[in-house]
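Content type PDB, C-alpha atoms, pLDDT in the B column, from the file input_19.pdb:
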```pdb
MODEL        1
ATOM      1  CA  MET A   1      19.129  22.021  30.525  1.00 49.00           C
ATOM      2  CA  SER A   2      18.568  19.434  27.877  1.00 54.00           C
ATOM      3  CA  ASP A   3      18.294  20.376  24.201  1.00 58.00           C
ATOM      4  CA  GLU A   4      15.726  17.637  23.566  1.00 64.00           C
ATOM      5  CA  ARG A   5      12.148  18.561  22.905  1.00 68.00           C
ATOM      6  CA  PRO A   6       9.672  16.848  25.236  1.00 70.00           C
ATOM      7  CA  ASN A   7       7.548  15.217  22.506  1.00 73.00           C
ATOM      8  CA  ALA A   8      10.275  14.614  19.918  1.00 71.00           C
ATOM      9  CA  PRO A   9      10.374  11.072  18.507  1.00 73.00           C
ATOM     10  CA  ARG A  10      13.541   9.082  19.053  1.00 81.00           C
ATOM     11  CA  ALA A  11      15.889   8.363  16.159  1.00 76.00           C
ATOM     12  CA  GLY A  12      15.060   4.646  16.170  1.00 83.00           C
ATOM     13  CA  GLU A  13      11.348   5.379  16.034  1.00 87.00           C
ATOM     14  CA  VAL A  14      11.756   7.699  13.048  1.00 86.00           C
ATOM     15  CA  SER A  15      13.812   5.088  11.188  1.00 87.00           C
ATOM     16  CA  ARG A  16      11.288   2.348  11.890  1.00 88.00           C
ATOM     17  CA  VAL A  17       8.279   4.390  10.800  1.00 87.00           C
ATOM     18  CA  SER A  18       9.961   5.808   7.694  1.00 89.00           C
ATOM     19  CA  GLY A  19      11.055   2.309   6.664  1.00 91.00           C
ATOM     20  CA  GLN A  20       7.523   1.072   7.183  1.00 89.00           C
ATOM     21  CA  TYR A  21       6.043   3.751   4.915  1.00 90.00           C
ATOM     22  CA  MET A  22       8.753   3.243   2.304  1.00 93.00           C
ATOM     23  CA  GLY A  23       7.682  -0.407   2.258  1.00 94.00           C
ATOM     24  CA  TYR A  24       4.090   0.638   1.660  1.00 92.00           C
ATOM     25  CA  GLY A  25       5.159   2.779  -1.301  1.00 93.00           C
ATOM     26  CA  LEU A  26       7.229  -0.081  -2.661  1.00 95.00           C
ATOM     27  CA  THR A  27       4.201  -2.361  -2.400  1.00 94.00           C
ATOM     28  CA  LEU A  28       2.199   0.116  -4.496  1.00 95.00           C
ATOM     29  CA  ALA A  29       4.933   0.345  -7.136  1.00 97.00           C
ATOM     30  CA  LEU A  30       5.531  -3.408  -7.324  1.00 97.00           C
ATOM     31  CA  ALA A  31       1.829  -4.243  -7.572  1.00 96.00           C
ATOM     32  CA  THR A  32       1.490  -1.808 -10.473  1.00 96.00           C
ATOM     33  CA  LEU A  33       4.598  -3.156 -12.180  1.00 97.00           C
ATOM     34  CA  PHE A  34       3.575  -6.791 -11.703  1.00 97.00           C
ATOM     35  CA  PHE A  35       0.098  -6.373 -13.199  1.00 97.00           C
ATOM     36  CA  LEU A  36       1.473  -4.178 -15.978  1.00 96.00           C
ATOM     37  CA  LEU A  37       3.928  -6.936 -16.940  1.00 97.00           C
ATOM     38  CA  VAL A  38       1.214  -9.596 -16.762  1.00 97.00           C
ATOM     39  CA  GLY A  39      -0.913  -7.462 -19.090  1.00 97.00           C
ATOM     40  CA  TRP A  40       2.035  -6.994 -21.452  1.00 97.00           C
ATOM     41  CA  TRP A  41       2.689 -10.747 -21.503  1.00 97.00           C
ATOM     42  CA  LEU A  42      -0.979 -11.556 -22.146  1.00 97.00           C
ATOM     43  CA  ASP A  43      -1.075  -8.929 -24.910  1.00 96.00           C
ATOM     44  CA  SER A  44       1.885 -10.572 -26.614  1.00 96.00           C
ATOM     45  CA  LYS A  45       0.176 -13.992 -26.450  1.00 96.00           C
ATOM     46  CA  LEU A  46      -3.306 -12.834 -27.475  1.00 96.00           C
ATOM     47  CA  GLY A  47      -2.381 -10.020 -29.876  1.00 95.00           C
ATOM     48  CA  THR A  48      -4.539  -7.431 -28.114  1.00 93.00           C
ATOM     49  CA  THR A  49      -1.806  -4.803 -27.752  1.00 90.00           C
ATOM     50  CA  PRO A  50      -2.043  -2.512 -25.639  1.00 94.00           C
ATOM     51  CA  VAL A  51      -5.468  -3.228 -24.114  1.00 96.00           C
ATOM     52  CA  LEU A  52      -4.422  -5.710 -21.426  1.00 96.00           C
ATOM     53  CA  LEU A  53      -1.243  -3.773 -20.663  1.00 96.00           C
ATOM     54  CA  ILE A  54      -3.275  -0.677 -19.816  1.00 96.00           C
ATOM     55  CA  LEU A  55      -5.876  -2.734 -17.959  1.00 97.00           C
ATOM     56  CA  GLY A  56      -3.130  -4.451 -15.975  1.00 97.00           C
ATOM     57  CA  ALA A  57      -1.582  -1.108 -15.044  1.00 97.00           C
ATOM     58  CA  PHE A  58      -4.922   0.152 -13.733  1.00 98.00           C
ATOM     59  CA  VAL A  59      -5.696  -3.061 -11.857  1.00 97.00           C
ATOM     60  CA  GLY A  60      -2.233  -3.094 -10.297  1.00 97.00           C
ATOM     61  CA  ALA A  61      -2.420   0.557  -9.318  1.00 97.00           C
ATOM     62  CA  GLY A  62      -5.875   0.002  -7.841  1.00 97.00           C
ATOM     63  CA  ALA A  63      -4.763  -3.041  -5.868  1.00 96.00           C
ATOM     64  CA  GLY A  64      -1.626  -1.288  -4.655  1.00 95.00           C
ATOM     65  CA  PHE A  65      -3.550   1.833  -3.702  1.00 96.00           C
ATOM     66  CA  TYR A  66      -6.125  -0.213  -1.791  1.00 96.00           C
ATOM     67  CA  ARG A  67      -3.349  -1.943   0.135  1.00 94.00           C
ATOM     68  CA  LEU A  68      -1.734   1.418   0.897  1.00 93.00           C
ATOM     69  CA  TYR A  69      -5.117   2.807   2.006  1.00 94.00           C
ATOM     70  CA  TYR A  70      -5.624  -0.228   4.224  1.00 94.00           C
ATOM     71  CA  TYR A  71      -2.236   0.209   5.900  1.00 90.00           C
ATOM     72  CA  VAL A  72      -2.618   3.949   6.452  1.00 88.00           C
ATOM     73  CA  VAL A  73      -6.330   4.399   7.189  1.00 90.00           C
ATOM     74  CA  ILE A  74      -8.309   1.216   7.843  1.00 88.00           C
ATOM     75  CA  GLN A  75      -5.749  -0.529  10.034  1.00 85.00           C
ATOM     76  CA  PHE A  76      -5.810   2.284  12.601  1.00 82.00           C
ATOM     77  CA  ARG A  77      -9.568   2.680  12.888  1.00 83.00           C
ATOM     78  CA  PRO A  78     -10.881   1.833  16.328  1.00 84.00           C
ATOM     79  CA  LYS A  79     -12.328  -1.645  16.379  1.00 82.00           C
ATOM     80  CA  PRO A  80     -15.870  -1.986  17.731  1.00 82.00           C
ATOM     81  CA  GLU A  81     -15.882  -3.605  21.129  1.00 75.00           C
ATOM     82  CA  ASP A  82     -17.954  -6.660  21.820  1.00 52.00           C
ATOM     83  CA  SER A  83     -21.389  -5.250  22.331  1.00 54.00           C
ATOM     84  CA  GLU A  84     -24.124  -6.791  24.370  1.00 54.00           C
ATOM     85  CA  ASP A  85     -26.426  -6.536  21.335  1.00 55.00           C
ATOM     86  CA  ALA A  86     -24.589  -9.460  19.745  1.00 53.00           C
ATOM     87  CA  ARG A  87     -25.975 -11.896  22.301  1.00 51.00           C
TER      88      ARG A  87
ENDMDL
END
```
Do you think you could lay out the structure here as structure tokens?
Amino acid sequence: MSDERPNAPRAGEVSRVSGQYMGYGLTLALATLFFLLVGWWLDSKLGTTPVLLILGAFVGAGAGFYRLYYYVVIQFRPKPEDSEDAR
């Protein structure tokens, strides 16, 4: 008898999927960091400390979260088939 479970994912599949989701998390973190730094730089040029830094952090987090939401939820929604109503 084999010790493998019938529906168990293979090791390569687990590595691929976990790497994919780690990339999504990295995208969220880098988007937040990028916009935070842009806000910090603009604050130093305009003298509006810390308004644009905080705004940049929120914009970056929002953009990163939307991208994460897209990858996890929207991308896997079933696409509507070509309907005959479109004719």
Can you list, as a PDB file with C-alpha atoms, keeping the file's coordinate frame, the residues that the PyMOL selection byres ((chain A and resi 55) around 12) selects here?
```
ATOM      1  CA  THR A  32       1.490  -1.808 -10.473  1.00 96.00           C
ATOM      2  CA  LEU A  33       4.598  -3.156 -12.180  1.00 97.00           C
ATOM      3  CA  PHE A  35       0.098  -6.373 -13.199  1.00 97.00           C
ATOM      4  CA  LEU A  36       1.473  -4.178 -15.978  1.00 96.00           C
ATOM      5  CA  LEU A  37       3.928  -6.936 -16.940  1.00 97.00           C
ATOM      6  CA  VAL A  38       1.214  -9.596 -16.762  1.00 97.00           C
ATOM      7  CA  GLY A  39      -0.913  -7.462 -19.090  1.00 97.00           C
ATOM      8  CA  TRP A  40       2.035  -6.994 -21.452  1.00 97.00           C
ATOM      9  CA  LEU A  42      -0.979 -11.556 -22.146  1.00 97.00           C
ATOM     10  CA  ASP A  43      -1.075  -8.929 -24.910  1.00 96.00           C
ATOM     11  CA  THR A  48      -4.539  -7.431 -28.114  1.00 93.00           C
ATOM     12  CA  THR A  49      -1.806  -4.803 -27.752  1.00 90.00           C
ATOM     13  CA  PRO A  50      -2.043  -2.512 -25.639  1.00 94.00           C
ATOM     14  CA  VAL A  51      -5.468  -3.228 -24.114  1.00 96.00           C
ATOM     15  CA  LEU A  52      -4.422  -5.710 -21.426  1.00 96.00           C
ATOM     16  CA  LEU A  53      -1.243  -3.773 -20.663  1.00 96.00           C
ATOM     17  CA  ILE A  54      -3.275  -0.677 -19.816  1.00 96.00           C
ATOM     18  CA  GLY A  56      -3.130  -4.451 -15.975  1.00 97.00           C
ATOM     19  CA  ALA A  57      -1.582  -1.108 -15.044  1.00 97.00           C
ATOM     20  CA  PHE A  58      -4.922   0.152 -13.733  1.00 98.00           C
ATOM     21  CA  VAL A  59      -5.696  -3.061 -11.857  1.00 97.00           C
ATOM     22  CA  GLY A  60      -2.233  -3.094 -10.297  1.00 97.00           C
ATOM     23  CA  ALA A  61      -2.420   0.557  -9.318  1.00 97.00           C
ATOM     24  CA  GLY A  62      -5.875   0.002  -7.841  1.00 97.00           C
TER      25      GLY A  62
END
```
Please give the centre and size of the box around region 20-36 of chain A (axis-aligned, containing every atom listed in the file, 8 Å added per side), with values in Å to one decimal and written as lines of an AutoDock Vina configuration file.
```
center_x = 4.4
center_y = -1.5
center_z = -4.4
size_x = 24.7
size_y = 26.5
size_z = 39.2
```
**Study point:** Straight-line distance linking CA of Ser15 (chain A) with CA of Val73 (chain A), stated in Å to one decimal
**Key:** 20.5 Å
Exercise for review: Please measure the separation of CA of Arg10 (chain A) and CA of Phe65 (chain A), giving the value in Å to one decimal.
Suggested key: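 These atoms are spaced 29.4 Å apart.
Taking CA of Leu68 (chain A) and CA of Tyr21 (chain A) as endpoints, the distance between them is 9.1 Å.
Proximity of A:Val14, A:Ala8, A:Met22, A:Leu28 to Arg67 (chain A), computed with all atoms listed in the file, is greatest for A:Leu28.
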Check your understanding: On this structure, which residues satisfy the PyMOL selection byres ((chain A and resi 72) around 12), written as a PyMOL selection string?
Key -> chain A and resi 17+20-21+23-25+65-71+73-77
Can you tell me, as a JSON list (two decimals) with C-alpha atoms, in the coordinates of the input, what residues are no more than 8 Å from Leu30 (chain A) when counting all atoms listed in the file, ignoring any on the same chain fewer than 4 positions away?
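File result-v4.json, as written:
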```
[["chain", "number", "residue", "atom", "x", "y", "z"],
["A", 26, "LEU", "CA", 7.23, -0.08, -2.66],
["A", 34, "PHE", "CA", 3.58, -6.79, -11.70],
["A", 64, "GLY", "CA", -1.63, -1.29, -4.66]]
```
